[in-house]
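In what follows, a structure is listed as C-alpha coordinates, so that the remarks can point back to it.
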Amino acid sequence: MKPLNKKRLLLSMFLVFLTGCTLPAGLPGNAQPSGLQIITPQNGTVYTVQDWIIVKSTFGVETGATNVVLLVNGEVVREDALDGSIPSGTIQQPWRASAPGTYQLQTKLLTADGGSHDSNVVQVQVGESAASQTPPTVETTLAPDYTPTPEATPTLGAPQATAIKDSNCRFGPGQAYEITGYLLSQQTAPIVGRRSDSTWWVIQTEAGVKCWIWDELVEVSGDTSNVPIVEAPPTPTPSPVPLSAPQPSAPSGTLNCTSSVQLTWQPVSHPNGVAYYEWEIDGPGGKQTGTTASTSQEIIVACGNSTYTWRVRTIDKLGNTSGFSDTLTFTVK
(Lines give C-alpha, C1' and ligand atoms only; values in the text may rest on other atoms or scores of the structure.)
Protein backbone atom coordinates (compact mmCIF):
# COMPACT_ATOMS: atom_id res chain seq x y z
CA MET A 1 0.00 0.00 0.00
CA LYS A 2 1.70 3.19 -1.19
CA PRO A 3 1.52 6.54 0.67
CA LEU A 4 -1.01 9.00 -0.72
CA ASN A 5 0.47 11.77 -2.87
CA LYS A 6 -0.99 15.19 -3.56
CA LYS A 7 0.12 15.00 -7.16
CA ARG A 8 1.89 12.11 -8.85
CA LEU A 9 4.35 12.67 -11.67
CA LEU A 10 2.82 9.82 -13.69
CA LEU A 11 5.97 7.91 -13.81
CA SER A 12 4.84 5.42 -11.22
CA MET A 13 7.96 3.79 -9.88
CA PHE A 14 9.92 5.33 -12.76
CA LEU A 15 9.70 8.62 -10.97
CA VAL A 16 12.57 7.14 -9.03
CA PHE A 17 14.81 5.61 -11.67
CA LEU A 18 14.62 7.76 -14.82
CA THR A 19 17.10 10.46 -13.82
CA GLY A 20 18.83 10.09 -17.20
CA CYS A 21 15.57 11.15 -18.89
CA THR A 22 15.33 14.28 -16.68
CA LEU A 23 12.76 12.46 -14.61
CA PRO A 24 12.93 12.84 -10.86
CA ALA A 25 15.57 10.46 -9.65
CA GLY A 26 16.18 8.75 -6.35
CA LEU A 27 17.87 5.37 -6.55
CA PRO A 28 21.26 5.02 -4.92
CA GLY A 29 24.04 5.84 -7.36
CA ASN A 30 22.32 8.83 -8.98
CA ALA A 31 24.60 11.47 -7.48
CA GLN A 32 23.16 14.99 -7.37
CA PRO A 33 24.40 18.25 -5.81
CA SER A 34 23.44 18.78 -2.15
CA GLY A 35 20.40 20.99 -1.53
CA LEU A 36 18.01 22.39 -4.17
CA GLN A 37 18.71 24.48 -7.26
CA ILE A 38 16.65 25.77 -10.21
CA ILE A 39 18.62 25.03 -13.38
CA THR A 40 15.94 26.06 -15.91
CA PRO A 41 14.91 28.75 -16.79
CA GLN A 42 17.89 31.07 -16.62
CA ASN A 43 17.61 34.42 -14.84
CA GLY A 44 16.21 37.09 -17.18
CA THR A 45 14.51 34.70 -19.63
CA VAL A 46 11.66 36.36 -21.56
CA TYR A 47 8.33 34.63 -22.24
CA THR A 48 4.86 35.56 -23.48
CA VAL A 49 1.63 34.91 -21.63
CA GLN A 50 0.73 31.91 -23.81
CA ASP A 51 4.04 30.15 -23.03
CA TRP A 52 4.35 27.33 -20.49
CA ILE A 53 7.34 27.96 -18.24
CA ILE A 54 8.98 24.65 -17.29
CA VAL A 55 10.79 25.09 -13.95
CA LYS A 56 13.43 22.37 -13.67
CA SER A 57 15.04 21.83 -10.26
CA THR A 58 17.76 19.41 -9.19
CA PHE A 59 18.03 18.22 -5.59
CA GLY A 60 20.09 16.05 -3.29
CA VAL A 61 19.38 15.53 0.42
CA GLU A 62 20.52 12.77 2.75
CA THR A 63 17.21 12.73 4.63
CA GLY A 64 15.17 12.08 1.45
CA ALA A 65 12.79 14.44 -0.36
CA THR A 66 9.02 13.92 -0.18
CA ASN A 67 7.55 17.04 -1.85
CA VAL A 68 8.66 19.87 -4.15
CA VAL A 69 6.76 23.19 -3.98
CA LEU A 70 6.84 25.85 -6.73
CA LEU A 71 6.45 29.46 -5.58
CA VAL A 72 5.84 32.47 -7.83
CA ASN A 73 6.38 35.87 -6.23
CA GLY A 74 6.35 34.11 -2.86
CA GLU A 75 2.98 32.41 -3.43
CA VAL A 76 2.58 28.61 -3.78
CA VAL A 77 1.27 27.75 -7.27
CA ARG A 78 1.74 23.97 -7.18
CA GLU A 79 3.08 21.19 -4.97
CA ASP A 80 4.26 17.81 -6.30
CA ALA A 81 4.56 14.80 -3.99
CA LEU A 82 7.32 12.32 -4.80
CA ASP A 83 6.74 8.55 -4.69
CA GLY A 84 8.34 7.83 -1.34
CA SER A 85 11.39 9.42 0.26
CA ILE A 86 13.80 10.25 -2.60
CA PRO A 87 17.44 11.20 -1.81
CA SER A 88 18.26 12.90 -5.12
CA GLY A 89 16.93 13.66 -8.58
CA THR A 90 15.52 16.24 -10.99
CA ILE A 91 11.89 17.45 -11.26
CA GLN A 92 10.11 19.62 -13.85
CA GLN A 93 7.13 21.75 -12.79
CA PRO A 94 5.15 23.60 -15.48
CA TRP A 95 3.53 26.99 -14.82
CA ARG A 96 1.96 29.65 -17.04
CA ALA A 97 1.47 33.32 -16.16
CA SER A 98 -2.05 34.76 -16.41
CA ALA A 99 -0.85 38.30 -17.18
CA PRO A 100 2.31 40.10 -18.36
CA GLY A 101 4.79 41.12 -15.69
CA THR A 102 7.98 40.30 -13.84
CA TYR A 103 7.89 37.08 -11.83
CA GLN A 104 10.20 35.66 -9.16
CA LEU A 105 10.41 31.82 -9.35
CA GLN A 106 11.61 29.69 -6.44
CA THR A 107 11.20 26.06 -5.37
CA LYS A 108 11.08 24.57 -1.87
CA LEU A 109 12.04 20.98 -1.01
CA LEU A 110 10.27 19.22 1.87
CA THR A 111 12.17 16.31 3.43
CA ALA A 112 11.16 13.12 5.21
CA ASP A 113 12.42 14.40 8.56
CA GLY A 114 10.16 17.49 8.42
CA GLY A 115 12.87 19.84 7.18
CA SER A 116 12.92 22.03 4.07
CA HIS A 117 15.39 23.54 1.57
CA ASP A 118 14.90 26.70 -0.54
CA SER A 119 16.31 27.01 -4.04
CA ASN A 120 17.85 30.02 -5.69
CA VAL A 121 15.45 32.73 -6.98
CA VAL A 122 15.11 33.13 -10.77
CA GLN A 123 13.46 36.22 -12.29
CA VAL A 124 11.66 35.95 -15.63
CA GLN A 125 9.84 38.53 -17.74
CA VAL A 126 6.44 37.71 -19.27
CA GLY A 127 5.13 39.94 -22.03
CA GLU A 128 1.98 40.06 -24.10
CA SER A 129 1.55 37.49 -26.84
CA ALA A 130 1.96 38.61 -30.44
CA ALA A 131 -1.70 37.81 -31.07
CA SER A 132 -2.84 40.24 -28.33
CA GLN A 133 -0.94 43.20 -29.77
CA THR A 134 -2.95 45.49 -32.08
CA PRO A 135 -1.21 45.72 -35.48
CA PRO A 136 -0.83 49.20 -37.01
CA THR A 137 -3.29 50.26 -39.72
CA VAL A 138 -1.66 50.40 -43.16
CA GLU A 139 -3.28 52.32 -45.98
CA THR A 140 -2.43 51.15 -49.51
CA THR A 141 -3.26 52.86 -52.82
CA LEU A 142 -3.38 50.43 -55.76
CA ALA A 143 -2.59 51.26 -59.35
CA PRO A 144 -5.62 51.05 -61.71
CA ASP A 145 -4.28 47.94 -63.47
CA TYR A 146 -3.32 46.17 -60.22
CA THR A 147 -4.09 42.44 -60.13
CA PRO A 148 -3.99 40.82 -56.70
CA THR A 149 -1.62 37.90 -56.32
CA PRO A 150 -3.34 34.78 -54.94
CA GLU A 151 -2.38 34.13 -51.33
CA ALA A 152 -0.01 31.24 -50.82
CA THR A 153 -1.30 28.24 -48.90
CA PRO A 154 0.15 28.46 -45.39
CA THR A 155 2.58 25.73 -44.43
CA LEU A 156 1.64 23.52 -41.48
CA GLY A 157 5.09 23.45 -39.95
CA ALA A 158 7.02 20.59 -38.39
CA PRO A 159 4.96 17.84 -36.74
CA GLN A 160 4.82 17.95 -32.97
CA ALA A 161 2.84 16.49 -30.08
CA THR A 162 1.55 18.49 -27.09
CA ALA A 163 0.53 16.53 -23.99
CA ILE A 164 -3.10 16.90 -22.90
CA LYS A 165 -2.05 15.79 -19.40
CA ASP A 166 1.07 14.42 -17.71
CA SER A 167 1.77 11.28 -19.78
CA ASN A 168 4.17 8.34 -19.85
CA CYS A 169 6.28 7.64 -22.92
CA ARG A 170 7.27 4.01 -23.55
CA PHE A 171 9.90 1.88 -25.27
CA GLY A 172 7.23 0.61 -27.67
CA PRO A 173 3.56 1.17 -28.65
CA GLY A 174 1.72 -0.48 -25.78
CA GLN A 175 1.51 -0.80 -22.01
CA ALA A 176 3.55 -4.01 -22.13
CA TYR A 177 6.63 -1.89 -22.87
CA GLU A 178 8.79 -0.27 -20.22
CA ILE A 179 8.34 3.47 -19.48
CA THR A 180 11.42 5.33 -20.72
CA GLY A 181 10.31 8.98 -20.69
CA TYR A 182 7.40 11.33 -20.09
CA LEU A 183 5.70 14.49 -21.32
CA LEU A 184 4.21 16.97 -18.84
CA SER A 185 0.81 18.57 -19.41
CA GLN A 186 1.05 21.19 -22.21
CA GLN A 187 4.68 20.25 -22.91
CA THR A 188 5.51 19.83 -26.60
CA ALA A 189 7.95 17.47 -28.32
CA PRO A 190 8.83 16.91 -32.00
CA ILE A 191 7.34 13.85 -33.72
CA VAL A 192 9.98 11.69 -35.41
CA GLY A 193 7.99 8.54 -36.24
CA ARG A 194 4.61 6.87 -36.04
CA ARG A 195 2.78 3.56 -36.06
CA SER A 196 1.20 2.69 -39.41
CA ASP A 197 -2.31 3.52 -38.11
CA SER A 198 -1.09 6.70 -36.31
CA THR A 199 -2.44 5.48 -32.96
CA TRP A 200 1.05 5.86 -31.44
CA TRP A 201 3.70 8.50 -32.14
CA VAL A 202 7.45 8.39 -31.66
CA ILE A 203 8.60 11.64 -30.04
CA GLN A 204 11.96 12.98 -28.92
CA THR A 205 11.84 14.27 -25.35
CA GLU A 206 13.71 17.26 -23.96
CA ALA A 207 16.31 14.82 -22.62
CA GLY A 208 16.94 13.47 -26.15
CA VAL A 209 15.11 10.18 -25.50
CA LYS A 210 13.03 8.72 -28.35
CA CYS A 211 9.93 6.97 -27.06
CA TRP A 212 6.32 6.08 -28.00
CA ILE A 213 3.29 8.02 -26.77
CA TRP A 214 -0.41 7.18 -27.29
CA ASP A 215 -2.31 9.43 -29.70
CA GLU A 216 -5.18 10.00 -27.25
CA LEU A 217 -2.78 11.55 -24.72
CA VAL A 218 -1.55 14.31 -27.06
CA GLU A 219 -2.70 16.97 -29.50
CA VAL A 220 -0.84 16.60 -32.80
CA SER A 221 -0.06 19.67 -34.93
CA GLY A 222 1.98 20.36 -38.04
CA ASP A 223 2.38 18.36 -41.24
CA THR A 224 2.44 14.64 -40.40
CA SER A 225 2.19 13.43 -44.00
CA ASN A 226 5.92 12.71 -44.23
CA VAL A 227 6.39 11.25 -40.74
CA PRO A 228 8.06 7.85 -41.26
CA ILE A 229 6.40 4.64 -40.13
CA VAL A 230 8.47 2.92 -37.44
CA GLU A 231 8.33 -0.79 -36.72
CA ALA A 232 7.53 -1.60 -33.10
CA PRO A 233 10.28 -3.34 -31.11
CA PRO A 234 9.61 -6.94 -30.05
CA THR A 235 7.04 -7.22 -27.27
CA PRO A 236 8.88 -7.86 -24.01
CA THR A 237 8.45 -11.30 -22.50
CA PRO A 238 7.52 -11.19 -18.81
CA SER A 239 10.28 -12.57 -16.66
CA PRO A 240 9.52 -16.13 -15.48
CA VAL A 241 11.55 -15.45 -12.35
CA PRO A 242 9.18 -14.93 -9.40
CA LEU A 243 9.58 -11.77 -7.35
CA SER A 244 10.54 -12.72 -3.82
CA ALA A 245 9.98 -10.88 -0.55
CA PRO A 246 13.02 -9.60 1.39
CA GLN A 247 14.31 -11.60 4.35
CA PRO A 248 13.90 -9.45 7.50
CA SER A 249 17.05 -9.26 9.65
CA ALA A 250 16.37 -7.20 12.77
CA PRO A 251 15.08 -6.22 15.24
CA SER A 252 13.42 -9.13 17.04
CA GLY A 253 13.22 -10.37 20.61
CA THR A 254 13.54 -8.10 23.67
CA LEU A 255 15.31 -4.73 23.44
CA ASN A 256 16.44 -2.32 26.14
CA CYS A 257 14.57 0.97 26.33
CA THR A 258 15.41 3.11 23.27
CA SER A 259 13.78 5.96 21.35
CA SER A 260 14.09 4.37 17.90
CA VAL A 261 15.04 1.15 16.14
CA GLN A 262 16.35 0.36 12.68
CA LEU A 263 14.32 -2.15 10.65
CA THR A 264 16.75 -4.02 8.36
CA TRP A 265 16.32 -6.69 5.70
CA GLN A 266 18.30 -8.49 3.02
CA PRO A 267 18.33 -6.96 -0.51
CA VAL A 268 16.39 -8.66 -3.34
CA SER A 269 17.69 -9.00 -6.91
CA HIS A 270 15.47 -9.61 -9.93
CA PRO A 271 15.80 -9.38 -13.77
CA ASN A 272 13.24 -6.55 -13.79
CA GLY A 273 15.21 -4.59 -11.19
CA VAL A 274 13.92 -3.50 -7.79
CA ALA A 275 12.24 -0.09 -7.60
CA TYR A 276 11.75 0.07 -3.82
CA TYR A 277 10.61 -1.82 -0.70
CA GLU A 278 7.36 -1.33 1.20
CA TRP A 279 7.39 -1.90 4.98
CA GLU A 280 4.68 -1.96 7.62
CA ILE A 281 4.86 -2.13 11.43
CA ASP A 282 2.09 -2.55 14.00
CA GLY A 283 2.44 -1.51 17.64
CA PRO A 284 1.00 0.59 20.49
CA GLY A 285 0.69 3.64 18.25
CA GLY A 286 -1.18 1.75 15.51
CA LYS A 287 -0.02 0.62 12.08
CA GLN A 288 2.62 2.56 10.13
CA THR A 289 3.59 1.97 6.50
CA GLY A 290 6.10 3.48 4.09
CA THR A 291 8.47 2.89 1.21
CA THR A 292 12.23 3.19 0.77
CA ALA A 293 14.80 2.37 -1.90
CA SER A 294 17.28 1.22 0.77
CA THR A 295 17.26 -1.94 2.90
CA SER A 296 16.61 -0.23 6.25
CA GLN A 297 14.12 2.13 7.89
CA GLU A 298 14.33 3.98 11.20
CA ILE A 299 11.19 3.74 13.37
CA ILE A 300 10.30 5.72 16.53
CA VAL A 301 9.25 3.37 19.35
CA ALA A 302 8.01 3.62 22.94
CA CYS A 303 9.44 1.98 26.06
CA GLY A 304 7.47 0.16 28.75
CA ASN A 305 7.17 -3.42 27.46
CA SER A 306 5.81 -2.17 24.11
CA THR A 307 5.49 -4.97 21.55
CA TYR A 308 5.81 -4.41 17.78
CA THR A 309 5.43 -6.70 14.75
CA TRP A 310 6.75 -5.79 11.31
CA ARG A 311 7.25 -7.12 7.78
CA VAL A 312 8.40 -5.92 4.32
CA ARG A 313 7.85 -6.67 0.62
CA THR A 314 9.43 -5.90 -2.80
CA ILE A 315 8.17 -3.81 -5.78
CA ASP A 316 10.05 -4.19 -9.08
CA LYS A 317 10.54 -1.64 -11.88
CA LEU A 318 7.56 -2.98 -13.85
CA GLY A 319 5.23 -2.41 -10.92
CA ASN A 320 5.02 -6.06 -9.80
CA THR A 321 4.66 -6.63 -6.05
CA SER A 322 5.89 -9.61 -4.03
CA GLY A 323 4.11 -11.06 -1.05
CA PHE A 324 5.06 -9.84 2.42
CA SER A 325 7.97 -11.38 4.27
CA ASP A 326 7.70 -13.39 7.46
CA THR A 327 6.74 -11.24 10.44
CA LEU A 328 9.31 -10.37 13.13
CA THR A 329 8.27 -9.35 16.65
CA PHE A 330 10.21 -7.32 19.21
CA THR A 331 9.46 -5.81 22.62
CA VAL A 332 11.00 -2.60 24.01
CA LYS A 333 11.43 -2.70 27.82
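Chains: A, B, ... in order of the C-alpha coordinates. Residues: from 1 per chain. Ligands: from 1, in order shown.
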| query | Hey, what's within 7 Å of region 175-181 of chain A if we count only C-alpha atoms and toss same-chain stuff fewer than 5 positions away? As a ChimeraX atom specification, please? | reply | /A:21,168-170,209,211,235-236
Write out as a count of residues only which residues come within 6 Å of Leu105 (chain A) when counting only C-alpha atoms, dropping same-chain ones fewer than 2 positions away. 4
Could you name the residues that touch Asp166 (chain A) at 6 Å or less, counting only C-alpha atoms, but leaving out those on the same chain fewer than 5 positions away, as a list in words?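 Residues near the query, excluding close chain neighbours: Leu183, Leu184 and Ser185 of chain A.
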Please identify all polymer residues within 8 Å of region 271-274 of chain A, counting only C-alpha atoms, omitting same-chain residues fewer than 5 positions from it, and present them as an MDAnalysis selection string. chainID A and resid 239 241 314:318
Smallest atom-to-atom distance to Pro251 (chain A): which of A:Lys108, A:Arg311, A:His117, A:Arg96, using only C-alpha atoms?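 Checking each of A:Lys108, A:Arg311, A:His117, A:Arg96 against Pro251 (chain A), counting only C-alpha atoms, the winner is A:Arg311.
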Set the distance at 12 Å and use only C-alpha atoms: which residues neighbour Trp214 (chain A) once local chain neighbours fewer than 4 positions away are removed? I'd like the list as number ranges by chain.
A: 161-165, 167-175, 182-183, 194-195, 197-203, 218-220
Can you spit out the residues from that selection as an mmCIF file, in the first residue's frame, using N, CA, C and O atoms?
```
data_model
loop_
_atom_site.group_PDB
_atom_site.id
_atom_site.type_symbol
_atom_site.label_atom_id
_atom_site.label_comp_id
_atom_site.auth_asym_id
_atom_site.auth_seq_id
_atom_site.Cartn_x
_atom_site.Cartn_y
_atom_site.Cartn_z
ATOM 1 N N ALA A 161 3.879 16.980 -30.976
ATOM 2 C CA ALA A 161 2.836 16.486 -30.084
ATOM 3 C C ALA A 161 2.860 17.296 -28.800
ATOM 4 O O ALA A 161 3.919 17.506 -28.212
ATOM 5 N N THR A 162 1.688 17.742 -28.341
ATOM 6 C CA THR A 162 1.549 18.485 -27.095
ATOM 7 C C THR A 162 0.699 17.657 -26.137
ATOM 8 O O THR A 162 -0.416 17.258 -26.480
ATOM 9 N N ALA A 163 1.218 17.400 -24.942
ATOM 10 C CA ALA A 163 0.529 16.530 -23.989
ATOM 11 C C ALA A 163 -0.744 17.194 -23.464
ATOM 12 O O ALA A 163 -0.738 18.361 -23.073
ATOM 13 N N ILE A 164 -1.843 16.429 -23.469
ATOM 14 C CA ILE A 164 -3.099 16.901 -22.899
ATOM 15 C C ILE A 164 -3.013 16.876 -21.376
ATOM 16 O O ILE A 164 -3.586 17.716 -20.694
ATOM 17 N N LYS A 165 -2.276 15.908 -20.834
ATOM 18 C CA LYS A 165 -2.049 15.792 -19.402
ATOM 19 C C LYS A 165 -0.687 15.147 -19.211
ATOM 20 O O LYS A 165 -0.062 14.712 -20.184
ATOM 21 N N SER A 167 1.905 12.560 -19.083
ATOM 22 C CA SER A 167 1.773 11.277 -19.777
ATOM 23 C C SER A 167 3.095 10.528 -19.814
ATOM 24 O O SER A 167 4.160 11.131 -19.973
ATOM 25 N N ASN A 168 2.999 9.198 -19.709
ATOM 26 C CA ASN A 168 4.167 8.342 -19.853
ATOM 27 C C ASN A 168 4.523 8.166 -21.322
ATOM 28 O O ASN A 168 3.661 8.237 -22.207
ATOM 29 N N CYS A 169 5.785 7.919 -21.581
ATOM 30 C CA CYS A 169 6.284 7.644 -22.917
ATOM 31 C C CYS A 169 7.071 6.334 -22.824
ATOM 32 O O CYS A 169 7.920 6.182 -21.941
ATOM 33 N N ARG A 170 6.789 5.383 -23.735
ATOM 34 C CA ARG A 170 7.267 4.014 -23.555
ATOM 35 C C ARG A 170 8.263 3.585 -24.631
ATOM 36 O O ARG A 170 8.401 4.224 -25.672
ATOM 37 N N PHE A 171 8.918 2.446 -24.347
ATOM 38 C CA PHE A 171 9.903 1.879 -25.272
ATOM 39 C C PHE A 171 9.247 1.386 -26.552
ATOM 40 O O PHE A 171 9.889 1.299 -27.602
ATOM 41 N N GLY A 172 7.965 1.078 -26.510
ATOM 42 C CA GLY A 172 7.226 0.609 -27.670
ATOM 43 C C GLY A 172 5.773 1.014 -27.567
ATOM 44 O O GLY A 172 5.320 1.551 -26.555
ATOM 45 N N PRO A 173 4.964 0.739 -28.624
ATOM 46 C CA PRO A 173 3.565 1.174 -28.655
ATOM 47 C C PRO A 173 2.641 0.235 -27.885
ATOM 48 O O PRO A 173 1.943 -0.591 -28.478
ATOM 49 N N GLY A 174 2.603 0.358 -26.574
ATOM 50 C CA GLY A 174 1.723 -0.480 -25.775
ATOM 51 C C GLY A 174 2.152 -0.480 -24.325
ATOM 52 O O GLY A 174 3.314 -0.186 -23.991
ATOM 53 N N GLN A 175 1.220 -0.823 -23.433
ATOM 54 C CA GLN A 175 1.515 -0.803 -22.008
ATOM 55 C C GLN A 175 2.420 -1.949 -21.577
ATOM 56 O O GLN A 175 2.919 -1.950 -20.448
ATOM 57 N N TYR A 182 8.698 10.758 -20.449
ATOM 58 C CA TYR A 182 7.402 11.329 -20.095
ATOM 59 C C TYR A 182 7.250 12.685 -20.776
ATOM 60 O O TYR A 182 8.211 13.268 -21.294
ATOM 61 N N LEU A 183 6.010 13.176 -20.794
ATOM 62 C CA LEU A 183 5.700 14.492 -21.323
ATOM 63 C C LEU A 183 4.718 15.133 -20.346
ATOM 64 O O LEU A 183 3.651 14.569 -20.077
ATOM 65 N N ARG A 194 5.982 7.208 -36.384
ATOM 66 C CA ARG A 194 4.607 6.866 -36.036
ATOM 67 C C ARG A 194 4.346 5.402 -36.316
ATOM 68 O O ARG A 194 5.084 4.749 -37.077
ATOM 69 N N ARG A 195 3.291 4.871 -35.711
ATOM 70 C CA ARG A 195 2.781 3.558 -36.060
ATOM 71 C C ARG A 195 2.012 3.693 -37.369
ATOM 72 O O ARG A 195 1.561 4.777 -37.730
ATOM 73 N N ASP A 197 -0.953 2.996 -38.250
ATOM 74 C CA ASP A 197 -2.313 3.523 -38.114
ATOM 75 C C ASP A 197 -2.366 4.835 -37.335
ATOM 76 O O ASP A 197 -3.451 5.333 -37.009
ATOM 77 N N SER A 198 -1.205 5.413 -37.013
ATOM 78 C CA SER A 198 -1.094 6.702 -36.308
ATOM 79 C C SER A 198 -1.781 6.697 -34.941
ATOM 80 O O SER A 198 -2.193 7.748 -34.445
ATOM 81 N N THR A 199 -1.898 5.528 -34.321
ATOM 82 C CA THR A 199 -2.438 5.480 -32.962
ATOM 83 C C THR A 199 -1.347 5.697 -31.919
ATOM 84 O O THR A 199 -1.644 5.960 -30.758
ATOM 85 N N TRP A 200 -0.092 5.581 -32.314
ATOM 86 C CA TRP A 200 1.053 5.859 -31.442
ATOM 87 C C TRP A 200 2.055 6.693 -32.226
ATOM 88 O O TRP A 200 2.229 6.501 -33.434
ATOM 89 N N TRP A 201 2.707 7.625 -31.527
ATOM 90 C CA TRP A 201 3.703 8.501 -32.142
ATOM 91 C C TRP A 201 5.046 8.310 -31.455
ATOM 92 O O TRP A 201 5.103 8.112 -30.234
ATOM 93 N N VAL A 202 6.106 8.394 -32.229
ATOM 94 C CA VAL A 202 7.454 8.393 -31.663
ATOM 95 C C VAL A 202 7.880 9.856 -31.514
ATOM 96 O O VAL A 202 7.907 10.595 -32.498
ATOM 97 N N ILE A 203 8.182 10.263 -30.290
ATOM 98 C CA ILE A 203 8.602 11.642 -30.038
ATOM 99 C C ILE A 203 10.028 11.642 -29.504
ATOM 100 O O ILE A 203 10.557 10.605 -29.108
ATOM 101 N N VAL A 218 -2.193 13.113 -26.515
ATOM 102 C CA VAL A 218 -1.546 14.306 -27.061
ATOM 103 C C VAL A 218 -2.422 14.971 -28.121
ATOM 104 O O VAL A 218 -3.330 14.349 -28.681
ATOM 105 N N GLU A 219 -2.147 16.240 -28.361
ATOM 106 C CA GLU A 219 -2.697 16.965 -29.503
ATOM 107 C C GLU A 219 -1.591 17.092 -30.546
ATOM 108 O O GLU A 219 -0.509 17.593 -30.243
ATOM 109 N N VAL A 220 -1.848 16.609 -31.739
ATOM 110 C CA VAL A 220 -0.844 16.599 -32.801
ATOM 111 C C VAL A 220 -1.063 17.801 -33.711
ATOM 112 O O VAL A 220 -2.190 18.094 -34.118
#
```
I'd like the neighbourhood of Gln297 (chain A) as a PyMOL selection string, where a residue qualifies if any of its atoms comes within 8 Å (using only C-alpha atoms), though same-chain residues fewer than 5 positions away should be ignored. chain A and resi 262-264+292
In Å and to one decimal, CA of Asp83 (chain A) is distant from CA of Thr291 (chain A) by 8.4 Å
Spatial neighbours of Glu128 (chain A), max dist 6 Å, only C-alpha atoms, sep filter under 2 positions, as number ranges by chain: A: 48-49, 100
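The smallest atom-to-atom distance between Val55 (chain A) and any of A:Val124, A:Trp310, A:Ser116, A:Ile229, using only C-alpha atoms, is found for A:Val124.
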Smallest atom-to-atom distance to Thr307 (chain A): which of A:Asp113, A:Asp282, A:Asp215, A:Asp223, using only C-alpha atoms?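 Smallest separation from Thr307 (chain A) among the options: A:Asp282.
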Per-residue DSSP, region 119-259 of chain A, filtered to strand (DSSP E or B), as a count of residues only:
47
Checklist line | Separation of CA of Ser325 (chain A) from CA of Ala293 (chain A) in Å | finding: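 Atom-to-atom, CA of Ala293 (chain A) to CA of Ser325 (chain A), that is 16.6 Å.
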